$ cat run-v6.cif   # mmCIF, C-alpha atoms; chains and numbers go by the auth columns
data_target
#
loop_
_atom_site.group_PDB
_atom_site.id
_atom_site.type_symbol
_atom_site.label_atom_id
_atom_site.label_comp_id
_atom_site.label_asym_id
_atom_site.label_seq_id
_atom_site.Cartn_x
_atom_site.Cartn_y
_atom_site.Cartn_z
_atom_site.B_iso_or_equiv
_atom_site.auth_seq_id
_atom_site.auth_asym_id
ATOM 1 C CA MET A 1 36.105 24.754 9.958 0.00 1 A
ATOM 2 C CA ILE A 2 32.316 24.854 10.360 0.00 2 A
ATOM 3 C CA GLN A 3 29.639 26.539 8.344 0.00 3 A
ATOM 4 C CA LYS A 4 26.622 28.285 9.844 0.00 4 A
ATOM 5 C CA GLN A 5 24.197 26.782 7.343 0.00 5 A
ATOM 6 C CA GLN A 6 23.570 23.054 7.325 0.00 6 A
ATOM 7 C CA SER A 7 23.807 21.529 3.864 0.00 7 A
ATOM 8 C CA MET A 8 20.455 20.529 2.421 0.00 8 A
ATOM 9 C CA THR A 9 19.942 16.797 1.885 0.00 9 A
ATOM 10 C CA PHE A 10 18.643 15.793 -1.543 0.00 10 A
ATOM 11 C CA SER A 11 17.650 12.201 -2.154 0.00 11 A
ATOM 12 C CA PRO A 12 15.063 10.376 -4.273 0.00 12 A
ATOM 13 C CA TYR A 13 14.383 8.182 -1.253 0.00 13 A
ATOM 14 C CA MET A 14 13.301 10.829 1.245 0.00 14 A
ATOM 15 C CA ASP A 15 9.644 9.712 1.003 0.00 15 A
ATOM 16 C CA ILE A 16 10.657 6.515 2.792 0.00 16 A
ATOM 17 C CA TYR A 17 10.612 8.487 6.032 0.00 17 A
ATOM 18 C CA ASN A 18 6.909 9.191 5.624 0.00 18 A
ATOM 19 C CA LEU A 19 6.313 5.449 5.439 0.00 19 A
ATOM 20 C CA VAL A 20 8.494 4.241 8.306 0.00 20 A
ATOM 21 C CA VAL A 21 8.765 7.143 10.773 0.00 21 A
ATOM 22 C CA PRO A 22 5.328 8.025 12.206 0.00 22 A
ATOM 23 C CA LYS A 23 4.335 11.656 12.626 0.00 23 A
ATOM 24 C CA ASP A 24 4.092 11.173 16.394 0.00 24 A
ATOM 25 C CA ASN A 25 7.567 9.664 16.688 0.00 25 A
ATOM 26 C CA LEU A 26 9.476 11.592 19.375 0.00 26 A
ATOM 27 C CA LEU A 27 12.629 12.046 17.300 0.00 27 A
ATOM 28 C CA ARG A 28 10.612 13.174 14.286 0.00 28 A
ATOM 29 C CA LYS A 29 8.755 15.775 16.352 0.00 29 A
ATOM 30 C CA LEU A 30 11.996 16.994 17.909 0.00 30 A
ATOM 31 C CA ASN A 31 13.607 17.387 14.514 0.00 31 A
ATOM 32 C CA ASP A 32 10.601 19.044 12.881 0.00 32 A
ATOM 33 C CA LEU A 33 9.798 21.519 15.634 0.00 33 A
ATOM 34 C CA LEU A 34 13.108 22.390 17.287 0.00 34 A
ATOM 35 C CA ASP A 35 15.647 24.829 15.922 0.00 35 A
ATOM 36 C CA PHE A 36 19.011 23.318 16.836 0.00 36 A
ATOM 37 C CA THR A 37 21.094 26.304 15.688 0.00 37 A
ATOM 38 C CA PHE A 38 21.643 27.166 19.343 0.00 38 A
ATOM 39 C CA VAL A 39 24.138 24.283 19.306 0.00 39 A
ATOM 40 C CA PHE A 40 26.233 26.114 16.724 0.00 40 A
ATOM 41 C CA ASP A 41 26.194 29.276 18.818 0.00 41 A
ATOM 42 C CA GLU A 42 27.434 27.393 21.878 0.00 42 A
ATOM 43 C CA LEU A 43 30.145 25.475 20.016 0.00 43 A
ATOM 44 C CA LYS A 44 31.464 28.073 17.568 0.00 44 A
ATOM 45 C CA ASP A 45 34.378 28.922 19.865 0.00 45 A
ATOM 46 C CA LYS A 46 35.476 25.279 19.677 0.00 46 A
ATOM 47 C CA TYR A 47 36.131 25.500 15.920 0.00 47 A
ATOM 48 C CA CYS A 48 38.062 27.610 13.473 0.00 48 A
ATOM 49 C CA LEU A 49 35.440 29.417 11.394 0.00 49 A
ATOM 50 C CA ASP A 50 37.545 30.295 8.353 0.00 50 A
ATOM 51 C CA ASN A 51 40.393 27.818 8.081 0.00 51 A
ATOM 52 C CA GLY A 52 40.943 24.104 7.518 0.00 52 A
ATOM 53 C CA ARG A 53 38.723 21.327 6.199 0.00 53 A
ATOM 54 C CA ASN A 54 34.989 21.422 6.713 0.00 54 A
ATOM 55 C CA ALA A 55 34.139 19.674 9.975 0.00 55 A
ATOM 56 C CA ILE A 56 31.272 17.241 10.393 0.00 56 A
ATOM 57 C CA ASP A 57 28.242 19.371 11.185 0.00 57 A
ATOM 58 C CA PRO A 58 28.385 20.044 14.970 0.00 58 A
ATOM 59 C CA ILE A 59 24.595 19.998 15.156 0.00 59 A
ATOM 60 C CA ARG A 60 24.584 16.451 13.803 0.00 60 A
ATOM 61 C CA MET A 61 27.345 15.500 16.230 0.00 61 A
ATOM 62 C CA PHE A 62 25.365 16.937 19.140 0.00 62 A
ATOM 63 C CA LYS A 63 22.297 15.017 17.990 0.00 63 A
ATOM 64 C CA TYR A 64 24.382 11.852 18.096 0.00 64 A
ATOM 65 C CA LEU A 65 25.325 12.664 21.695 0.00 65 A
ATOM 66 C CA LEU A 66 21.702 13.376 22.542 0.00 66 A
ATOM 67 C CA LEU A 67 20.750 9.952 21.166 0.00 67 A
ATOM 68 C CA LYS A 68 23.644 8.453 23.107 0.00 68 A
ATOM 69 C CA THR A 69 22.353 10.060 26.318 0.00 69 A
ATOM 70 C CA ILE A 70 18.786 8.900 25.754 0.00 70 A
ATOM 71 C CA HIS A 71 19.731 5.301 24.985 0.00 71 A
ATOM 72 C CA ASP A 72 22.850 5.015 27.191 0.00 72 A
ATOM 73 C CA LEU A 73 24.926 3.381 24.454 0.00 73 A
ATOM 74 C CA SER A 74 28.592 3.533 23.506 0.00 74 A
ATOM 75 C CA ASP A 75 29.808 5.618 20.578 0.00 75 A
ATOM 76 C CA VAL A 76 30.204 2.422 18.543 0.00 76 A
ATOM 77 C CA ASP A 77 26.666 1.194 19.172 0.00 77 A
ATOM 78 C CA ILE A 78 24.871 4.508 18.753 0.00 78 A
ATOM 79 C CA VAL A 79 26.547 4.979 15.347 0.00 79 A
ATOM 80 C CA ASP A 80 25.833 1.363 14.397 0.00 80 A
ATOM 81 C CA ARG A 81 22.140 1.791 15.196 0.00 81 A
ATOM 82 C CA SER A 82 22.021 4.923 13.039 0.00 82 A
ATOM 83 C CA LYS A 83 22.839 2.721 10.046 0.00 83 A
ATOM 84 C CA TYR A 84 19.465 1.005 10.119 0.00 84 A
ATOM 85 C CA ASP A 85 17.139 2.936 12.465 0.00 85 A
ATOM 86 C CA MET A 86 15.253 5.293 10.170 0.00 86 A
ATOM 87 C CA SER A 87 14.044 7.452 13.065 0.00 87 A
ATOM 88 C CA PHE A 88 17.709 8.032 13.957 0.00 88 A
ATOM 89 C CA LYS A 89 18.583 8.956 10.377 0.00 89 A
ATOM 90 C CA TYR A 90 15.623 11.304 10.148 0.00 90 A
ATOM 91 C CA PHE A 91 16.625 12.983 13.401 0.00 91 A
ATOM 92 C CA LEU A 92 20.216 13.314 12.169 0.00 92 A
ATOM 93 C CA ASP A 93 19.056 15.000 8.915 0.00 93 A
ATOM 94 C CA MET A 94 20.474 12.169 6.825 0.00 94 A
ATOM 95 C CA ALA A 95 19.240 10.724 3.573 0.00 95 A
ATOM 96 C CA PRO A 96 18.072 7.100 3.967 0.00 96 A
ATOM 97 C CA GLU A 97 20.984 5.836 1.867 0.00 97 A
ATOM 98 C CA GLU A 98 23.587 8.165 3.356 0.00 98 A
ATOM 99 C CA PRO A 99 26.572 6.483 5.068 0.00 99 A
ATOM 100 C CA VAL A 100 27.030 7.168 8.761 0.00 100 A
ATOM 101 C CA ILE A 101 30.078 8.670 10.434 0.00 101 A
ATOM 102 C CA ASP A 102 32.944 6.607 11.776 0.00 102 A
ATOM 103 C CA PRO A 103 32.463 6.068 15.539 0.00 103 A
ATOM 104 C CA SER A 104 35.929 7.514 16.117 0.00 104 A
ATOM 105 C CA SER A 105 34.654 10.880 14.852 0.00 105 A
ATOM 106 C CA LEU A 106 31.999 10.911 17.564 0.00 106 A
ATOM 107 C CA THR A 107 34.557 9.931 20.194 0.00 107 A
ATOM 108 C CA LYS A 108 36.867 12.714 19.051 0.00 108 A
ATOM 109 C CA PHE A 109 34.028 15.253 19.112 0.00 109 A
ATOM 110 C CA ARG A 110 32.985 14.134 22.581 0.00 110 A
ATOM 111 C CA LYS A 111 36.518 14.342 23.965 0.00 111 A
ATOM 112 C CA LEU A 112 38.036 17.283 22.097 0.00 112 A
ATOM 113 C CA ARG A 113 35.081 19.567 21.406 0.00 113 A
ATOM 114 C CA LEU A 114 33.147 18.888 24.589 0.00 114 A
ATOM 115 C CA LYS A 115 35.856 18.566 27.214 0.00 115 A
ATOM 116 C CA ASP A 116 33.626 20.554 29.539 0.00 116 A
ATOM 117 C CA VAL A 117 30.912 18.102 30.611 0.00 117 A
ATOM 118 C CA ASN A 118 28.785 21.025 31.784 0.00 118 A
ATOM 119 C CA LEU A 119 28.576 22.216 28.183 0.00 119 A
ATOM 120 C CA LEU A 120 26.924 18.981 27.085 0.00 120 A
ATOM 121 C CA ASP A 121 24.522 19.249 30.020 0.00 121 A
ATOM 122 C CA LEU A 122 23.737 22.810 28.970 0.00 122 A
ATOM 123 C CA LEU A 123 22.967 21.728 25.404 0.00 123 A
ATOM 124 C CA ILE A 124 20.807 18.811 26.505 0.00 124 A
ATOM 125 C CA ASN A 125 18.930 20.884 29.057 0.00 125 A
ATOM 126 C CA LYS A 126 18.320 23.594 26.450 0.00 126 A
ATOM 127 C CA THR A 127 16.895 20.948 24.120 0.00 127 A
ATOM 128 C CA VAL A 128 14.567 19.685 26.842 0.00 128 A
ATOM 129 C CA GLU A 129 13.520 23.233 27.732 0.00 129 A
ATOM 130 C CA ILE A 130 12.565 24.034 24.132 0.00 130 A
ATOM 131 C CA ALA A 131 10.812 20.678 23.703 0.00 131 A
ATOM 132 C CA LEU A 132 8.744 21.296 26.840 0.00 132 A
ATOM 133 C CA GLU A 133 7.816 24.790 25.650 0.00 133 A
ATOM 134 C CA LYS A 134 6.575 23.354 22.368 0.00 134 A
ATOM 135 C CA GLU A 135 4.796 20.515 24.200 0.00 135 A
ATOM 136 C CA ILE A 136 6.754 17.923 22.239 0.00 136 A
ATOM 137 C CA ILE A 137 7.595 16.054 25.428 0.00 137 A
ATOM 138 C CA LYS A 138 5.948 15.797 28.811 0.00 138 A
ATOM 139 C CA SER A 139 7.598 15.703 32.220 0.00 139 A
ATOM 140 C CA LYS A 140 7.626 11.893 32.212 0.00 140 A
ATOM 141 C CA SER A 141 9.136 11.536 28.749 0.00 141 A
ATOM 142 C CA ILE A 142 12.247 9.548 27.942 0.00 142 A
ATOM 143 C CA ILE A 143 14.413 12.633 27.348 0.00 143 A
ATOM 144 C CA VAL A 144 13.629 14.182 30.705 0.00 144 A
ATOM 145 C CA ASP A 145 14.279 10.823 32.349 0.00 145 A
ATOM 146 C CA ALA A 146 17.543 10.584 30.427 0.00 146 A
ATOM 147 C CA THR A 147 18.729 13.972 31.643 0.00 147 A
ATOM 148 C CA HIS A 148 17.915 12.927 35.193 0.00 148 A
ATOM 149 C CA THR A 149 19.946 9.791 34.616 0.00 149 A
ATOM 150 C CA ARG A 150 22.805 11.852 33.269 0.00 150 A
ATOM 151 C CA ALA A 151 22.645 14.181 36.261 0.00 151 A
ATOM 152 C CA ARG A 152 22.803 11.128 38.518 0.00 152 A
ATOM 153 C CA TYR A 153 25.921 9.890 36.716 0.00 153 A
ATOM 154 C CA ASN A 154 27.520 13.320 36.981 0.00 154 A
ATOM 155 C CA GLN A 155 27.155 13.101 40.750 0.00 155 A
ATOM 156 C CA MET A 156 28.794 9.669 40.882 0.00 156 A
ATOM 157 C CA SER A 157 32.518 9.087 41.124 0.00 157 A
ATOM 158 C CA PRO A 158 34.266 7.447 38.138 0.00 158 A
ATOM 159 C CA ARG A 159 34.672 4.281 40.218 0.00 159 A
ATOM 160 C CA LYS A 160 30.955 4.097 41.032 0.00 160 A
ATOM 161 C CA ILE A 161 30.080 4.544 37.360 0.00 161 A
ATOM 162 C CA LEU A 162 32.318 1.582 36.541 0.00 162 A
ATOM 163 C CA VAL A 163 30.676 -0.447 39.306 0.00 163 A
ATOM 164 C CA ASP A 164 27.232 0.399 37.934 0.00 164 A
ATOM 165 C CA ARG A 165 28.101 -0.450 34.335 0.00 165 A
ATOM 166 C CA SER A 166 29.955 -3.669 35.138 0.00 166 A
ATOM 167 C CA LYS A 167 26.943 -4.726 37.214 0.00 167 A
ATOM 168 C CA LYS A 168 24.584 -4.136 34.273 0.00 168 A
ATOM 169 C CA LEU A 169 26.903 -6.129 32.020 0.00 169 A
ATOM 170 C CA ARG A 170 27.012 -9.085 34.414 0.00 170 A
ATOM 171 C CA LYS A 171 23.231 -8.956 34.803 0.00 171 A
ATOM 172 C CA ALA A 172 22.752 -9.088 31.020 0.00 172 A
ATOM 173 C CA ILE A 173 25.036 -12.118 30.865 0.00 173 A
ATOM 174 C CA TYR A 174 23.365 -13.968 33.756 0.00 174 A
ATOM 175 C CA GLN A 175 20.045 -13.703 31.948 0.00 175 A
ATOM 176 C CA ILE A 176 21.623 -15.791 29.199 0.00 176 A
ATOM 177 C CA ASP A 177 24.147 -17.968 31.007 0.00 177 A
ATOM 178 C CA GLU A 178 24.268 -17.910 34.797 0.00 178 A
ATOM 179 C CA SER A 179 27.183 -20.353 34.830 0.00 179 A
ATOM 180 C CA MET A 180 29.461 -17.488 33.750 0.00 180 A
ATOM 181 C CA LYS A 181 29.593 -16.444 37.422 0.00 181 A
ATOM 182 C CA SER A 182 32.273 -19.055 38.028 0.00 182 A
ATOM 183 C CA LYS A 183 34.507 -17.575 35.326 0.00 183 A
ATOM 184 C CA PHE A 184 34.366 -13.971 36.474 0.00 184 A
ATOM 185 C CA PRO A 185 37.109 -12.403 38.622 0.00 185 A
ATOM 186 C CA ASP A 186 36.499 -11.464 42.242 0.00 186 A
ATOM 187 C CA LYS A 187 34.919 -8.035 42.538 0.00 187 A
ATOM 188 C CA ASN A 188 37.026 -5.113 43.670 0.00 188 A
ATOM 189 C CA THR A 189 36.275 -4.272 47.303 0.00 189 A
ATOM 190 C CA THR A 190 38.329 -1.084 47.588 0.00 190 A
ATOM 191 C CA ASP A 191 37.506 2.537 46.779 0.00 191 A
ATOM 192 C CA VAL A 192 40.547 2.799 44.516 0.00 192 A
ATOM 193 C CA LEU A 193 39.694 3.721 40.919 0.00 193 A
ATOM 194 C CA GLU A 194 42.734 1.933 39.502 0.00 194 A
ATOM 195 C CA SER A 195 41.661 -1.305 41.176 0.00 195 A
ATOM 196 C CA GLU A 196 38.161 -0.966 39.726 0.00 196 A
ATOM 197 C CA ILE A 197 39.619 -0.338 36.272 0.00 197 A
ATOM 198 C CA GLU A 198 41.785 -3.441 36.610 0.00 198 A
ATOM 199 C CA TYR A 199 38.772 -5.525 37.646 0.00 199 A
ATOM 200 C CA CYS A 200 36.771 -4.249 34.661 0.00 200 A
ATOM 201 C CA GLN A 201 39.631 -4.969 32.270 0.00 201 A
ATOM 202 C CA ILE A 202 39.844 -8.575 33.464 0.00 202 A
ATOM 203 C CA LEU A 203 36.041 -8.898 33.302 0.00 203 A
ATOM 204 C CA ILE A 204 36.043 -7.592 29.726 0.00 204 A
ATOM 205 C CA GLU A 205 38.842 -9.966 28.747 0.00 205 A
ATOM 206 C CA VAL A 206 36.939 -12.973 30.134 0.00 206 A
ATOM 207 C CA ILE A 207 33.691 -12.006 28.390 0.00 207 A
ATOM 208 C CA GLU A 208 35.331 -11.336 25.029 0.00 208 A
ATOM 209 C CA LYS A 209 36.562 -14.931 24.940 0.00 209 A
ATOM 210 C CA GLU A 210 32.920 -16.063 24.869 0.00 210 A
ATOM 211 C CA GLU A 211 32.327 -15.454 21.169 0.00 211 A
ATOM 212 C CA THR A 212 28.729 -16.660 21.136 0.00 212 A
ATOM 213 C CA LEU A 213 27.786 -14.707 24.230 0.00 213 A
ATOM 214 C CA VAL A 214 29.067 -11.352 22.956 0.00 214 A
ATOM 215 C CA GLU A 215 26.878 -11.663 19.871 0.00 215 A
ATOM 216 C CA TYR A 216 23.766 -11.101 21.980 0.00 216 A
ATOM 217 C CA PRO A 217 22.854 -7.419 21.448 0.00 217 A
ATOM 218 C CA LYS A 218 22.106 -6.707 25.120 0.00 218 A
ATOM 219 C CA VAL A 219 25.504 -8.133 26.104 0.00 219 A
ATOM 220 C CA LYS A 220 27.393 -6.479 23.273 0.00 220 A
ATOM 221 C CA GLU A 221 25.937 -3.045 24.046 0.00 221 A
ATOM 222 C CA GLN A 222 26.723 -3.230 27.764 0.00 222 A
ATOM 223 C CA LEU A 223 30.191 -4.582 26.991 0.00 223 A
ATOM 224 C CA ASN A 224 30.970 -1.769 24.562 0.00 224 A
ATOM 225 C CA LEU A 225 29.734 0.841 27.034 0.00 225 A
ATOM 226 C CA LEU A 226 31.943 -0.546 29.803 0.00 226 A
ATOM 227 C CA LYS A 227 34.956 -0.677 27.468 0.00 227 A
ATOM 228 C CA GLU A 228 34.374 2.935 26.452 0.00 228 A
ATOM 229 C CA THR A 229 34.077 4.019 30.101 0.00 229 A
ATOM 230 C CA VAL A 230 37.299 2.214 31.052 0.00 230 A
ATOM 231 C CA THR A 231 39.131 3.863 28.148 0.00 231 A
ATOM 232 C CA ASP A 232 37.826 7.307 29.133 0.00 232 A
ATOM 233 C CA ASP A 233 38.899 6.769 32.746 0.00 233 A
ATOM 234 C CA ILE A 234 42.394 5.675 31.750 0.00 234 A
ATOM 235 C CA GLU A 235 42.808 8.697 29.483 0.00 235 A
ATOM 236 C CA HIS A 236 41.746 11.046 32.267 0.00 236 A
#

$ encode --input "run-v6.cif" --output "structure tokens"
Amino acid sequence: MIQKQQSMTFSPYMDIYNLVVPKDNLLRKLNDLLDFTFVFDELKDKYCLDNGRNAIDPIRMFKYLLLKTIHDLSDVDIVDRSKYDMSFKYFLDMAPEEPVIDPSSLTKFRKLRLKDVNLLDLLINKTVEIALEKEIIKSKSIIVDATHTRARYNQMSPRKILVDRSKKLRKAIYQIDESMKSKFPDKNTTDVLESEIEYCQILIEVIEKEETLVEYPKVKEQLNLLKETVTDDIEH
């Protein structure tokens, strides 16, 4: 069940945002000047409006996905960053001390509520359109670039997305330890998705054995994103 009105956040620590999130911060401007209720209107058919437990606010969940699109991170890492990034918390309408959602809730929302990928594109494009109208972002801003990136991914096959993300993961690792090349499996040379998935699974398994290596944030983030993509592909 969802409610039309977002619950108001009360906290004695709200003034912290004025100290740590500048007025010209992109996420702050988006949150202050955009009315995100259009998200509710687009998603209301995905929920029961008068039965069951209250759902996590769909506007907040969409904002998580917008952040995920901008930063190209896995569900796990985008939620983890929202624990300590005050600009994220401000954008998500959270109190500074408020606990974040479980990453599984975001995954469930992404898979069950937004099965239609075009719907997410519609919501993101609407956000960009409003932000451009209000001159919050310019044509070269990160959000517009992110939507172009997303459009590029939508035009790629699932196999090519895996190839792209495994490549970024290997690149992040080589910047730290180039000798890892000798431990990695031979790349898949076919156009078969299942073969690419198998390659990625072996690659992930090899990397996860390197406990020190996976603690590097740039490796961990790329690893989590590849794992999430493999899981999504297997499920579909």

$ residues_around --input "run-v6.cif" --residues "A:Ser166" --least-positions-apart "4" --cutoff "8 Å" --atoms "all atoms listed in the file" --output "ChimeraX atom specification"
/A:162,170,200,226

$ resolve_selection --input "run-v6.cif" --expression "the PyMOL selection byres ((chain A and resi 227) around 10)" --output "VMD selection string"
chain A and resid 74 162 165 to 166 197 200 to 201 204 221 to 226 228 to 233

$ closest_residue --input "run-v6.cif" --among "A:Ile161, A:Ile70, A:Leu43, A:Ile78" --to "A:Leu122" --atoms "all atoms listed in the file"
A:Leu43

$ closest_residue --input "run-v6.cif" --among "A:Val76, A:His71, A:Tyr17, A:Asp164" --to "A:Met94" --atoms "all atoms listed in the file"
A:Tyr17

$ residues_near_point --input "run-v6.cif" --point "(31.5, 11.3, 15.7)" --cutoff "10 Å" --atoms "all atoms listed in the file" --output "VMD selection string"
chain A and resid 56 to 58 60 to 62 64 to 65 75 to 76 78 to 79 100 to 110

$ write_last_selection --input "run-v6.cif" --atoms "C-alpha atoms" --output "PDB file, in the frame of the given file"
ATOM      1  CA  ILE A  56      31.272  17.241  10.393  1.00  0.00           C
ATOM      2  CA  ASP A  57      28.242  19.371  11.185  1.00  0.00           C
ATOM      3  CA  PRO A  58      28.385  20.044  14.970  1.00  0.00           C
ATOM      4  CA  ARG A  60      24.584  16.451  13.803  1.00  0.00           C
ATOM      5  CA  MET A  61      27.345  15.500  16.230  1.00  0.00           C
ATOM      6  CA  PHE A  62      25.365  16.937  19.140  1.00  0.00           C
ATOM      7  CA  TYR A  64      24.382  11.852  18.096  1.00  0.00           C
ATOM      8  CA  LEU A  65      25.325  12.664  21.695  1.00  0.00           C
ATOM      9  CA  ASP A  75      29.808   5.618  20.578  1.00  0.00           C
ATOM     10  CA  VAL A  76      30.204   2.422  18.543  1.00  0.00           C
ATOM     11  CA  ILE A  78      24.871   4.508  18.753  1.00  0.00           C
ATOM     12  CA  VAL A  79      26.547   4.979  15.347  1.00  0.00           C
ATOM     13  CA  VAL A 100      27.030   7.168   8.761  1.00  0.00           C
ATOM     14  CA  ILE A 101      30.078   8.670  10.434  1.00  0.00           C
ATOM     15  CA  ASP A 102      32.944   6.607  11.776  1.00  0.00           C
ATOM     16  CA  PRO A 103      32.463   6.068  15.539  1.00  0.00           C
ATOM     17  CA  SER A 104      35.929   7.514  16.117  1.00  0.00           C
ATOM     18  CA  SER A 105      34.654  10.880  14.852  1.00  0.00           C
ATOM     19  CA  LEU A 106      31.999  10.911  17.564  1.00  0.00           C
ATOM     20  CA  THR A 107      34.557   9.931  20.194  1.00  0.00           C
ATOM     21  CA  LYS A 108      36.867  12.714  19.051  1.00  0.00           C
ATOM     22  CA  PHE A 109      34.028  15.253  19.112  1.00  0.00           C
ATOM     23  CA  ARG A 110      32.985  14.134  22.581  1.00  0.00           C
TER      24      ARG A 110
END

$ closest_residue --input "run-v6.cif" --among "A:Thr190, A:Ser179, A:Gln155, A:Thr127" --to "A:Val39" --atoms "all atoms listed in the file"
A:Thr127

$ closest_residue --input "run-v6.cif" --among "A:Pro185, A:Asp121, A:Thr69, A:Leu193" --to "A:Glu205" --atoms "only C-alpha atoms"
A:Pro185
